[in-house]
>>> print(open('run.csv').read())   # CSV, C-alpha atoms
chain,number,residue,atom,x,y,z
I,178,MET,CA,123.8,68.1,84.8
I,179,ASN,CA,124.0,71.3,82.7
I,180,GLN,CA,121.5,71.4,79.9
I,181,ASN,CA,121.1,74.3,77.6
I,182,LEU,CA,117.4,74.4,76.6
I,183,ILE,CA,117.2,77.6,74.7
I,184,GLN,CA,119.8,80.1,73.4
I,185,TYR,CA,119.0,83.1,71.3
I,186,GLU,CA,121.6,85.5,69.9
I,187,GLY,CA,120.5,88.4,67.8
I,188,ARG,CA,118.2,91.5,67.6
I,189,LEU,CA,115.3,91.7,70.0
I,190,SER,CA,112.0,92.9,68.7
I,191,SER,CA,108.5,92.6,70.1
I,192,GLU,CA,107.8,89.7,67.7
I,193,ILE,CA,111.0,87.8,68.6
I,194,ARG,CA,110.2,88.4,72.3
I,195,VAL,CA,106.7,86.8,71.8
I,196,GLN,CA,108.2,83.9,69.9
I,197,LEU,CA,110.8,83.3,72.6
I,198,ILE,CA,108.1,83.2,75.3
I,199,ASP,CA,106.0,80.8,73.1
I,200,LEU,CA,109.1,78.6,72.7
I,201,LEU,CA,109.8,78.7,76.4
I,202,ASN,CA,106.3,77.5,77.1
I,203,VAL,CA,106.6,74.6,74.8
I,204,VAL,CA,110.1,73.6,76.1
I,205,SER,CA,109.0,74.0,79.7
I,206,LEU,CA,105.9,72.0,79.3
I,207,ALA,CA,108.1,69.0,78.3
I,208,ASN,CA,110.3,69.6,81.4
I,209,MET,CA,107.9,70.4,84.2
I,210,GLY,CA,104.4,69.5,85.0
I,211,LYS,CA,103.1,72.2,87.2
I,212,ARG,CA,101.5,75.2,85.6
I,213,THR,CA,102.4,77.6,88.3
I,214,ASP,CA,106.1,76.8,88.0
I,215,LEU,CA,105.9,77.1,84.2
I,216,LYS,CA,104.2,80.5,84.4
I,217,LYS,CA,106.6,81.7,87.1
I,218,LEU,CA,109.7,80.8,85.1
I,219,CYS,CA,108.3,82.2,81.8
I,220,GLY,CA,107.4,85.4,83.8
I,221,ILE,CA,111.1,85.7,84.9
I,222,ALA,CA,112.3,85.3,81.3
I,223,LEU,CA,109.7,87.9,80.1
I,224,GLU,CA,110.8,90.5,82.6
I,225,LEU,CA,114.5,90.0,81.6
I,226,LEU,CA,113.6,90.2,77.9
I,227,ASP,CA,111.5,93.4,78.6
I,228,ASN,CA,114.4,95.1,80.3
I,229,ALA,CA,116.9,94.1,77.7
I,230,GLN,CA,114.7,95.3,74.9
I,231,ARG,CA,113.9,98.6,76.7
I,232,TYR,CA,117.5,99.5,77.5
I,233,CYS,CA,119.5,97.8,74.7
I,234,SER,CA,121.5,100.6,73.2
I,235,SER,CA,122.9,98.8,70.2
I,236,GLY,CA,123.4,95.4,68.6
I,237,GLY,CA,121.6,92.3,69.7
I,238,VAL,CA,121.2,90.3,72.9
I,239,ASN,CA,122.3,86.9,74.1
I,240,PHE,CA,119.5,85.1,75.9
I,241,GLU,CA,120.0,81.7,77.6
I,242,TRP,CA,117.6,79.4,79.4
I,243,ARG,CA,119.3,76.4,80.9
I,244,ILE,CA,119.1,73.8,83.6
I,245,ASP,CA,122.1,73.7,85.9
I,246,GLY,CA,121.8,70.9,88.4
I,247,THR,CA,118.5,71.5,90.3
I,248,GLN,CA,118.2,75.1,89.1
I,249,LEU,CA,116.8,76.8,86.1
I,250,VAL,CA,119.1,79.6,85.0
I,251,VAL,CA,117.9,82.5,82.9
I,252,SER,CA,120.4,85.0,81.7
I,253,ILE,CA,120.5,87.8,79.2
I,254,THR,CA,123.3,90.0,77.9
I,255,ASN,CA,122.9,93.3,76.1
I,256,ASN,CA,124.6,96.7,75.5
I,257,ALA,CA,123.4,99.7,77.5
I,258,VAL,CA,124.4,103.3,77.9
I,259,ARG,CA,126.3,104.0,81.1
I,260,GLU,CA,123.3,105.5,83.0
I,261,ASP,CA,121.1,102.5,82.3
I,262,ALA,CA,123.9,100.0,83.1
I,263,GLU,CA,124.6,101.7,86.4
I,264,ARG,CA,121.0,101.8,87.4
I,265,LEU,CA,120.6,98.1,86.6
I,266,VAL,CA,123.5,97.1,88.8
I,267,GLN,CA,122.4,99.5,91.6
I,268,THR,CA,118.8,98.2,91.5
I,269,VAL,CA,119.9,94.6,91.7
I,270,ASN,CA,122.3,95.3,94.6
I,271,ASP,CA,119.6,97.2,96.5
I,272,ILE,CA,117.1,94.3,96.0
I,273,ASN,CA,119.7,91.7,97.0
I,274,ASN,CA,120.2,93.6,100.3
I,275,MET,CA,116.5,93.5,101.1
I,276,SER,CA,114.6,91.0,103.2
I,277,ALA,CA,111.6,89.2,101.6
I,278,GLU,CA,109.3,91.6,103.5
I,279,GLN,CA,111.2,94.6,102.2
I,280,VAL,CA,111.0,93.3,98.7
I,281,THR,CA,107.2,93.0,99.0
I,282,GLU,CA,107.0,96.5,100.5
I,283,ALA,CA,109.1,98.0,97.7
I,284,PHE,CA,107.1,96.2,95.1
I,285,ARG,CA,103.8,97.6,96.5
I,286,ALA,CA,105.3,101.1,96.7
I,287,GLN,CA,106.5,100.9,93.1
I,288,LEU,CA,103.2,99.5,91.9
I,289,THR,CA,101.1,102.3,93.5
I,290,ASN,CA,103.3,105.3,92.5
I,291,GLU,CA,101.5,105.5,89.1
I,292,GLU,CA,104.7,106.5,87.3
I,293,PHE,CA,106.4,105.1,84.3
I,294,GLY,CA,110.0,105.8,83.2
I,295,ALA,CA,110.9,107.6,80.1
I,296,LYS,CA,111.3,104.3,78.2
I,297,GLY,CA,108.1,102.9,79.5
I,298,GLY,CA,109.5,100.8,82.4
I,299,ALA,CA,107.4,100.4,85.6
I,300,GLY,CA,110.4,99.8,87.9
I,301,LEU,CA,108.8,96.5,88.9
I,302,GLY,CA,110.6,93.8,86.8
I,303,MET,CA,113.5,93.0,89.1
I,304,LEU,CA,111.3,93.3,92.2
I,305,GLN,CA,108.8,91.0,90.7
I,306,ILE,CA,111.5,88.4,89.9
I,307,ALA,CA,112.9,88.6,93.5
I,308,LYS,CA,109.4,88.3,94.9
I,309,LYS,CA,108.6,85.3,92.8
I,310,THR,CA,111.8,83.4,93.2
I,311,GLY,CA,113.1,84.5,96.6
I,312,SER,CA,116.6,84.0,95.2
I,313,ARG,CA,119.5,86.4,94.6
I,314,LEU,CA,119.7,88.2,91.3
I,315,LEU,CA,122.9,88.8,89.5
I,316,ALA,CA,123.7,91.9,87.4
I,317,THR,CA,127.1,92.9,86.0
I,318,ALA,CA,128.1,95.8,83.7
I,319,GLU,CA,131.5,95.8,82.0
I,320,PRO,CA,132.7,98.7,79.8
I,321,ALA,CA,132.3,97.8,76.1
I,322,SER,CA,133.2,101.1,74.5
I,323,ALA,CA,133.4,104.8,75.4
I,324,ASN,CA,129.7,105.1,75.9
I,325,GLU,CA,128.4,101.6,76.3
I,326,TYR,CA,128.5,98.8,78.9
I,327,LEU,CA,127.9,95.1,78.4
I,328,CYS,CA,125.2,94.2,80.9
I,329,THR,CA,124.4,90.7,82.0
I,330,SER,CA,121.3,89.9,84.2
I,331,GLN,CA,120.9,86.4,85.6
I,332,VAL,CA,118.4,84.6,87.7
I,333,ALA,CA,118.5,81.1,89.1
I,334,ALA,CA,115.3,79.5,90.3
I,335,ASN,CA,115.0,76.2,92.1
I,336,LEU,CA,113.1,73.6,90.1
I,337,ALA,CA,110.3,72.0,92.0
T,43,MET,CA,79.2,107.9,73.6
T,44,GLN,CA,82.0,106.4,71.5
T,45,ALA,CA,83.1,102.8,71.9
T,46,LEU,CA,86.8,101.9,72.3
T,47,ILE,CA,87.7,98.8,70.4
T,48,ILE,CA,91.3,97.7,70.0
T,49,PRO,CA,91.9,94.3,68.4
T,50,ALA,CA,94.3,91.9,70.2
T,51,SER,CA,97.8,91.5,68.8
T,52,SER,CA,100.5,88.9,69.7
T,53,ASN,CA,101.6,91.1,72.6
T,54,THR,CA,98.7,93.4,73.4
T,55,PRO,CA,95.2,92.5,74.7
T,56,GLY,CA,91.9,93.0,72.9
T,57,ILE,CA,90.0,95.9,74.4
T,58,TRP,CA,86.2,95.9,73.9
T,59,PHE,CA,84.6,98.9,75.6
T,60,GLU,CA,81.2,99.2,74.1
T,61,PRO,CA,78.9,101.4,76.3
T,62,GLY,CA,75.7,99.9,74.9
T,63,SER,CA,76.5,96.4,76.0
T,64,ALA,CA,77.3,97.4,79.7
T,65,THR,CA,80.1,95.0,79.5
T,66,PHE,CA,83.8,96.0,79.1
T,67,GLU,CA,86.4,93.4,78.3
T,68,LEU,CA,90.1,93.0,78.2
T,69,THR,CA,91.2,89.7,76.7
T,70,GLY,CA,94.4,87.8,75.8
T,71,ASN,CA,98.0,88.5,76.7
T,72,SER,CA,99.4,91.9,77.8
T,73,ILE,CA,103.1,92.0,77.3
T,74,PRO,CA,103.8,95.2,75.4
T,75,GLU,CA,107.3,96.7,75.9
T,76,ASN,CA,105.6,100.0,76.7
T,77,ALA,CA,102.3,99.4,78.6
T,78,SER,CA,102.1,103.0,79.5
T,79,GLU,CA,101.7,104.0,75.9
T,80,PHE,CA,99.3,101.1,75.1
T,81,TYR,CA,97.0,101.7,78.1
T,82,GLN,CA,96.9,105.5,77.7
T,83,PRO,CA,93.8,105.6,75.5
T,84,VAL,CA,92.1,103.0,77.7
T,85,MET,CA,92.6,105.0,80.8
T,86,GLY,CA,91.6,108.1,79.0
T,87,TRP,CA,88.4,106.5,77.9
T,88,LEU,CA,87.6,105.3,81.4
T,89,ALA,CA,88.4,108.7,83.0
T,90,ASN,CA,86.1,110.5,80.5
T,91,HIS,CA,83.2,108.1,80.3
T,92,LEU,CA,82.8,106.1,83.6
T,93,HIS,CA,80.7,108.8,85.2
T,94,LEU,CA,78.4,109.0,82.2
T,95,LEU,CA,77.4,105.3,82.3
T,96,ASP,CA,74.0,104.4,83.6
T,97,GLY,CA,73.2,101.3,85.6
T,98,GLU,CA,75.4,98.4,86.4
T,99,GLN,CA,78.4,97.8,84.3
T,100,ILE,CA,80.8,94.9,84.2
T,101,LEU,CA,84.5,95.1,83.6
T,102,ARG,CA,85.6,91.6,82.6
T,103,ILE,CA,89.3,90.9,82.8
T,104,LYS,CA,90.3,87.8,80.8
T,105,LEU,CA,94.1,88.2,80.7
T,106,SER,CA,96.0,85.0,80.9
T,107,TYR,CA,99.5,86.6,80.9
T,108,PHE,CA,100.8,90.1,81.6
T,109,ASN,CA,104.2,91.7,82.3
T,110,SER,CA,104.9,93.9,85.2
T,111,THR,CA,104.4,97.2,83.3
T,112,SER,CA,101.0,96.0,82.4
T,113,LEU,CA,100.3,95.1,86.0
T,114,LYS,CA,100.9,98.8,86.9
T,115,ALA,CA,98.6,99.9,84.1
T,116,LEU,CA,95.9,97.5,85.4
T,117,TYR,CA,96.3,98.8,88.9
T,118,MET,CA,95.8,102.4,87.6
T,119,MET,CA,92.8,101.3,85.6
T,120,LEU,CA,91.2,99.6,88.5
T,121,LYS,CA,91.8,102.6,90.7
T,122,LEU,CA,89.9,104.8,88.2
T,123,VAL,CA,87.0,102.3,88.4
T,124,LYS,CA,87.2,102.4,92.2
T,125,ASP,CA,87.2,106.2,92.4
T,126,ALA,CA,84.3,106.4,89.9
T,127,ASN,CA,82.3,103.9,92.0
T,128,ALA,CA,82.9,106.0,95.1
T,129,MET,CA,81.4,109.0,93.1
T,130,GLY,CA,78.3,107.0,92.2
T,131,SER,CA,79.2,104.8,89.2
T,132,ASN,CA,78.4,101.1,89.4
T,133,MET,CA,81.0,99.1,87.7
T,134,ARG,CA,81.6,95.6,88.9
T,135,VAL,CA,84.9,93.8,88.2
T,136,GLU,CA,84.9,90.2,87.1
T,137,TRP,CA,88.3,88.5,86.8
T,138,HIS,CA,88.3,85.2,84.7
T,139,ILE,CA,91.1,82.9,85.9
T,140,GLU,CA,91.9,79.3,85.0
T,141,GLU,CA,91.4,77.0,88.0
T,142,ASP,CA,95.1,76.0,88.4
T,143,ASP,CA,96.6,79.4,87.8
T,144,GLU,CA,97.8,80.1,91.3
T,145,LEU,CA,100.0,83.0,90.3
T,146,LEU,CA,97.1,84.9,88.6
T,147,MET,CA,94.9,84.2,91.6
T,148,GLU,CA,97.6,85.6,93.9
T,149,THR,CA,97.9,88.7,91.7
T,150,GLN,CA,94.2,89.3,91.6
T,151,ALA,CA,93.9,88.9,95.4
T,152,MET,CA,96.8,91.3,95.9
T,153,LEU,CA,95.2,94.0,93.7
T,154,SER,CA,91.9,93.5,95.4
T,155,GLU,CA,93.4,93.9,98.8
T,156,MET,CA,95.7,96.9,97.9
T,157,LEU,CA,92.8,98.8,96.3
T,158,GLY,CA,90.3,97.8,99.0
T,159,MET,CA,88.1,96.8,96.1
T,160,PRO,CA,85.9,93.6,95.9
T,161,MET,CA,86.3,91.7,92.6
T,162,GLU,CA,84.5,88.6,91.5
T,163,VAL,CA,86.7,85.7,90.4
T,164,ILE,CA,85.3,83.4,87.8
T,165,ALA,CA,87.4,80.2,88.0
T,166,CYS,CA,87.5,78.6,84.6
T,167,GLY,CA,88.6,75.1,83.9
T,168,ASP,CA,87.9,72.0,81.9
T,169,ARG,CA,84.9,71.3,84.0
T,170,GLY,CA,83.4,74.7,83.1
T,171,ALA,CA,83.3,78.0,85.0
T,172,LYS,CA,82.5,78.3,88.6
T,173,ARG,CA,82.0,81.5,90.6
T,174,GLU,CA,84.0,82.3,93.6
T,175,ALA,CA,83.3,85.4,95.8
T,176,ILE,CA,86.3,87.3,97.0
>>> encode(input="run.csv", output="structure tokens")
Amino acid sequence: MNQNLIQYEGRLSSEIRVQLIDLLNVVSLANMGKRTDLKKLCGIALELLDNAQRYCSSGGVNFEWRIDGTQLVVSITNNAVREDAERLVQTVNDINNMSAEQVTEAFRAQLTNEEFGAKGGAGLGMLQIAKKTGSRLLATAEPASANEYLCTSQVAANLA
Amino acid sequence: MQALIIPASSNTPGIWFEPGSATFELTGNSIPENASEFYQPVMGWLANHLHLLDGEQILRIKLSYFNSTSLKALYMMLKLVKDANAMGSNMRVEWHIEEDDELLMETQAMLSEMLGMPMEVIACGDRGAKREAI
């Protein structure tokens, strides 16, 4: 069964991000009973939305929250400058090559370094998702123009 | 000593640091896109005032939802409190968490363990609040 629960295409602002999370809470409540699962899945969506808003270089985003068989799939696509696009893909590749223990270790090291990036990122989002879901992340970056890449980040989490 | 009061918004928590009350609160959701910017004045206030507070103080955290950048800011805030306590301040941390919120319980326990800092968990639920020592 492939069921698209939420799709949003357009500009991403703080207010829209909050509204999307509220909407996800409502939709998820109707689809799953356990609070922990709901919070975990909304947390994944929030981190992806945070990243997209922080690094989106132009235009809008395409955000999807769908059920695919026994998995909940969250994905987001946005434009980003080359440096940010390459860092996203590199970060996700690095995390996918880590064991669960290494993810936890990297998460703790990043949490305690007391540094924020130039755009306010903490470097924890993707590690947090990997830590919470234990599943592989997906990130791709395709050239969109001379200076921009079309980035897609996707996470699939097993539904309890 | 000046108070620091920041009203809650849809994506930032309410901050109530009023020295006269001996109780300092963070309430609501913390999902700003730039937590570093939002928490800068909060950390500045703590760094400048913690050592001036007399007697026992309570830092009450009532955050139901926060993103990972806010988590890092919270870690840095709690570290300031821990360091001030090591220098003679007396600020106790109370963390209010709903009974079935396992994720938040795990996060609080992780921070407590990483900082080597005891925190009191107040488990809240429909049947009222109960205290749980960590």
>>> atom_distance(input="run.csv", atom1="atom CA of Asn109 of chain T", atom2="atom CA of Ser63 of chain T")
28.8 Å
>>> residues_around(input="run.csv", residues="segment 188-196 of chain I", least_positions_apart="2", cutoff="10 Å", atoms="all atoms listed in the file", output="number ranges by chain")
I: 185-186, 198-202, 222-223, 226-227, 229-231, 233, 235-240, 255; T: 52-53, 73-75
>>> residues_around(input="run.csv", residues="Gly130 of chain T", least_positions_apart="3", cutoff="12 Å", atoms="all atoms listed in the file", output="mmCIF file with C-alpha atoms, keeping the file's coordinate frame")
data_model
loop_
_atom_site.group_PDB
_atom_site.id
_atom_site.type_symbol
_atom_site.label_atom_id
_atom_site.label_comp_id
_atom_site.auth_asym_id
_atom_site.auth_seq_id
_atom_site.Cartn_x
_atom_site.Cartn_y
_atom_site.Cartn_z
ATOM 1 C CA LEU T 92 82.800 106.100 83.600
ATOM 2 C CA HIS T 93 80.700 108.800 85.200
ATOM 3 C CA LEU T 94 78.400 109.000 82.200
ATOM 4 C CA LEU T 95 77.400 105.300 82.300
ATOM 5 C CA ASP T 96 74.000 104.400 83.600
ATOM 6 C CA GLY T 97 73.200 101.300 85.600
ATOM 7 C CA GLU T 98 75.400 98.400 86.400
ATOM 8 C CA VAL T 123 87.000 102.300 88.400
ATOM 9 C CA LYS T 124 87.200 102.400 92.200
ATOM 10 C CA ASP T 125 87.200 106.200 92.400
ATOM 11 C CA ALA T 126 84.300 106.400 89.900
ATOM 12 C CA ASN T 127 82.300 103.900 92.000
ATOM 13 C CA MET T 133 81.000 99.100 87.700
#
>>> residues_around(input="run.csv", residues="segment 260-270 of chain I", least_positions_apart="4", cutoff="12 Å", atoms="all atoms listed in the file", output="mmCIF file with C-alpha atoms, in the coordinates of the input")
data_model
loop_
_atom_site.group_PDB
_atom_site.id
_atom_site.type_symbol
_atom_site.label_atom_id
_atom_site.label_comp_id
_atom_site.auth_asym_id
_atom_site.auth_seq_id
_atom_site.Cartn_x
_atom_site.Cartn_y
_atom_site.Cartn_z
ATOM 1 C CA LEU I 225 114.500 90.000 81.600
ATOM 2 C CA ASN I 228 114.400 95.100 80.300
ATOM 3 C CA ALA I 229 116.900 94.100 77.700
ATOM 4 C CA ARG I 231 113.900 98.600 76.700
ATOM 5 C CA TYR I 232 117.500 99.500 77.500
ATOM 6 C CA CYS I 233 119.500 97.800 74.700
ATOM 7 C CA SER I 234 121.500 100.600 73.200
ATOM 8 C CA THR I 254 123.300 90.000 77.900
ATOM 9 C CA ASN I 255 122.900 93.300 76.100
ATOM 10 C CA ASN I 256 124.600 96.700 75.500
ATOM 11 C CA ASN I 274 120.200 93.600 100.300
ATOM 12 C CA MET I 275 116.500 93.500 101.100
ATOM 13 C CA VAL I 280 111.000 93.300 98.700
ATOM 14 C CA ALA I 283 109.100 98.000 97.700
ATOM 15 C CA GLY I 294 110.000 105.800 83.200
ATOM 16 C CA ALA I 295 110.900 107.600 80.100
ATOM 17 C CA LYS I 296 111.300 104.300 78.200
ATOM 18 C CA GLY I 298 109.500 100.800 82.400
ATOM 19 C CA GLY I 300 110.400 99.800 87.900
ATOM 20 C CA LEU I 301 108.800 96.500 88.900
ATOM 21 C CA GLY I 302 110.600 93.800 86.800
ATOM 22 C CA MET I 303 113.500 93.000 89.100
ATOM 23 C CA LEU I 304 111.300 93.300 92.200
ATOM 24 C CA GLN I 305 108.800 91.000 90.700
ATOM 25 C CA ILE I 306 111.500 88.400 89.900
ATOM 26 C CA ALA I 307 112.900 88.600 93.500
ATOM 27 C CA SER I 312 116.600 84.000 95.200
ATOM 28 C CA ARG I 313 119.500 86.400 94.600
ATOM 29 C CA LEU I 314 119.700 88.200 91.300
ATOM 30 C CA LEU I 315 122.900 88.800 89.500
ATOM 31 C CA ALA I 316 123.700 91.900 87.400
ATOM 32 C CA THR I 317 127.100 92.900 86.000
ATOM 33 C CA ALA I 318 128.100 95.800 83.700
ATOM 34 C CA GLU I 319 131.500 95.800 82.000
ATOM 35 C CA PRO I 320 132.700 98.700 79.800
ATOM 36 C CA ALA I 321 132.300 97.800 76.100
ATOM 37 C CA ASN I 324 129.700 105.100 75.900
ATOM 38 C CA GLU I 325 128.400 101.600 76.300
ATOM 39 C CA TYR I 326 128.500 98.800 78.900
ATOM 40 C CA LEU I 327 127.900 95.100 78.400
ATOM 41 C CA CYS I 328 125.200 94.200 80.900
ATOM 42 C CA THR I 329 124.400 90.700 82.000
ATOM 43 C CA SER I 330 121.300 89.900 84.200
ATOM 44 C CA GLN I 331 120.900 86.400 85.600
ATOM 45 C CA VAL I 332 118.400 84.600 87.700
#
>>> interface_residues(input="run.csv", of="chain T", to="chain I", cutoff="8 Å", atoms="all atoms listed in the file", output="PDB file with C-alpha atoms, keeping the file's coordinate frame")
ATOM      1  CA  SER T  52     100.500  88.900  69.700  1.00  0.00           C
ATOM      2  CA  ASN T  53     101.600  91.100  72.600  1.00  0.00           C
ATOM      3  CA  PRO T  74     103.800  95.200  75.400  1.00  0.00           C
ATOM      4  CA  GLU T  75     107.300  96.700  75.900  1.00  0.00           C
ATOM      5  CA  ASN T  76     105.600 100.000  76.700  1.00  0.00           C
ATOM      6  CA  ALA T  77     102.300  99.400  78.600  1.00  0.00           C
ATOM      7  CA  SER T  78     102.100 103.000  79.500  1.00  0.00           C
ATOM      8  CA  GLU T  79     101.700 104.000  75.900  1.00  0.00           C
ATOM      9  CA  ASN T 109     104.200  91.700  82.300  1.00  0.00           C
ATOM     10  CA  SER T 110     104.900  93.900  85.200  1.00  0.00           C
ATOM     11  CA  THR T 111     104.400  97.200  83.300  1.00  0.00           C
ATOM     12  CA  LEU T 113     100.300  95.100  86.000  1.00  0.00           C
ATOM     13  CA  LYS T 114     100.900  98.800  86.900  1.00  0.00           C
ATOM     14  CA  TYR T 117      96.300  98.800  88.900  1.00  0.00           C
ATOM     15  CA  MET T 118      95.800 102.400  87.600  1.00  0.00           C
ATOM     16  CA  ASP T 142      95.100  76.000  88.400  1.00  0.00           C
ATOM     17  CA  ASP T 143      96.600  79.400  87.800  1.00  0.00           C
ATOM     18  CA  GLU T 144      97.800  80.100  91.300  1.00  0.00           C
ATOM     19  CA  LEU T 145     100.000  83.000  90.300  1.00  0.00           C
TER      20      LEU T 145
END
>>> atom_distance(input="run.csv", atom1="atom CA of Trp137 of chain T", atom2="atom CA of Lys308 of chain I")
22.6 Å
>>> atom_distance(input="run.csv", atom1="atom CA of Asn71 of chain T", atom2="atom CA of Ala50 of chain T")
8.2 Å
>>> residues_around(input="run.csv", residues="Leu146 of chain T", least_positions_apart="6", cutoff="10 Å", atoms="only C-alpha atoms", output="list in words")
Thr213 and Lys216 of chain I; Leu105, Ser106, Tyr107, Phe108, Trp137, His138, Ile139, Glu140 and Met152 of chain T
>>> closest_residue(input="run.csv", among="T:Ala151, T:Leu88, T:Met161, T:Met43", to="Ser131 of chain T", atoms="only C-alpha atoms")
T:Leu88
>>> closest_residue(input="run.csv", among="T:Arg102, T:Ala89, T:Val163, T:Asn132", to="Thr149 of chain T", atoms="all atoms listed in the file")
T:Val163
>>> build_atoms(input="run.csv", residues="segment 129-144 of chain T", atoms="N, CA and C atoms", output="short mmCIF file (atom, residue, chain, number, x, y, z; two decimals), in the frame of the given file")
data_model
loop_
_atom_site.label_atom_id
_atom_site.label_comp_id
_atom_site.auth_asym_id
_atom_site.auth_seq_id
_atom_site.Cartn_x
_atom_site.Cartn_y
_atom_site.Cartn_z
N MET T 129 82.14 107.73 93.50
CA MET T 129 81.40 109.00 93.10
C MET T 129 80.03 108.63 92.53
N GLY T 130 79.61 107.35 92.63
CA GLY T 130 78.30 107.00 92.20
C GLY T 130 78.15 106.09 90.99
N SER T 131 79.27 105.79 90.32
CA SER T 131 79.20 104.80 89.20
C SER T 131 78.97 103.43 89.79
N ASN T 132 78.64 102.50 88.92
CA ASN T 132 78.40 101.10 89.40
C ASN T 132 79.02 100.14 88.45
N MET T 133 80.34 100.03 88.54
CA MET T 133 81.00 99.10 87.70
C MET T 133 81.61 97.95 88.54
N ARG T 134 81.19 96.75 88.22
CA ARG T 134 81.60 95.60 88.90
C ARG T 134 82.80 94.96 88.15
N VAL T 135 83.77 94.40 88.87
CA VAL T 135 84.90 93.80 88.20
C VAL T 135 84.85 92.29 88.30
N GLU T 136 84.93 91.67 87.17
CA GLU T 136 84.90 90.20 87.10
C GLU T 136 86.27 89.78 86.53
N TRP T 137 86.95 88.88 87.21
CA TRP T 137 88.30 88.50 86.80
C TRP T 137 88.19 86.95 86.42
N HIS T 138 88.38 86.61 85.18
CA HIS T 138 88.30 85.20 84.70
C HIS T 138 89.71 84.59 84.83
N ILE T 139 89.82 83.54 85.64
CA ILE T 139 91.10 82.90 85.90
C ILE T 139 91.00 81.40 85.78
N GLU T 140 91.96 80.78 85.12
CA GLU T 140 91.90 79.30 85.00
C GLU T 140 92.15 78.73 86.43
N GLU T 141 91.45 77.62 86.70
CA GLU T 141 91.40 77.00 88.00
C GLU T 141 92.82 76.78 88.64
N ASP T 142 93.77 76.34 87.80
CA ASP T 142 95.10 76.00 88.40
C ASP T 142 96.11 77.10 88.23
N ASP T 143 95.64 78.30 87.93
CA ASP T 143 96.60 79.40 87.80
C ASP T 143 96.76 80.16 89.07
N GLU T 144 97.58 79.56 89.95
CA GLU T 144 97.80 80.10 91.30
C GLU T 144 98.38 81.53 91.26
#
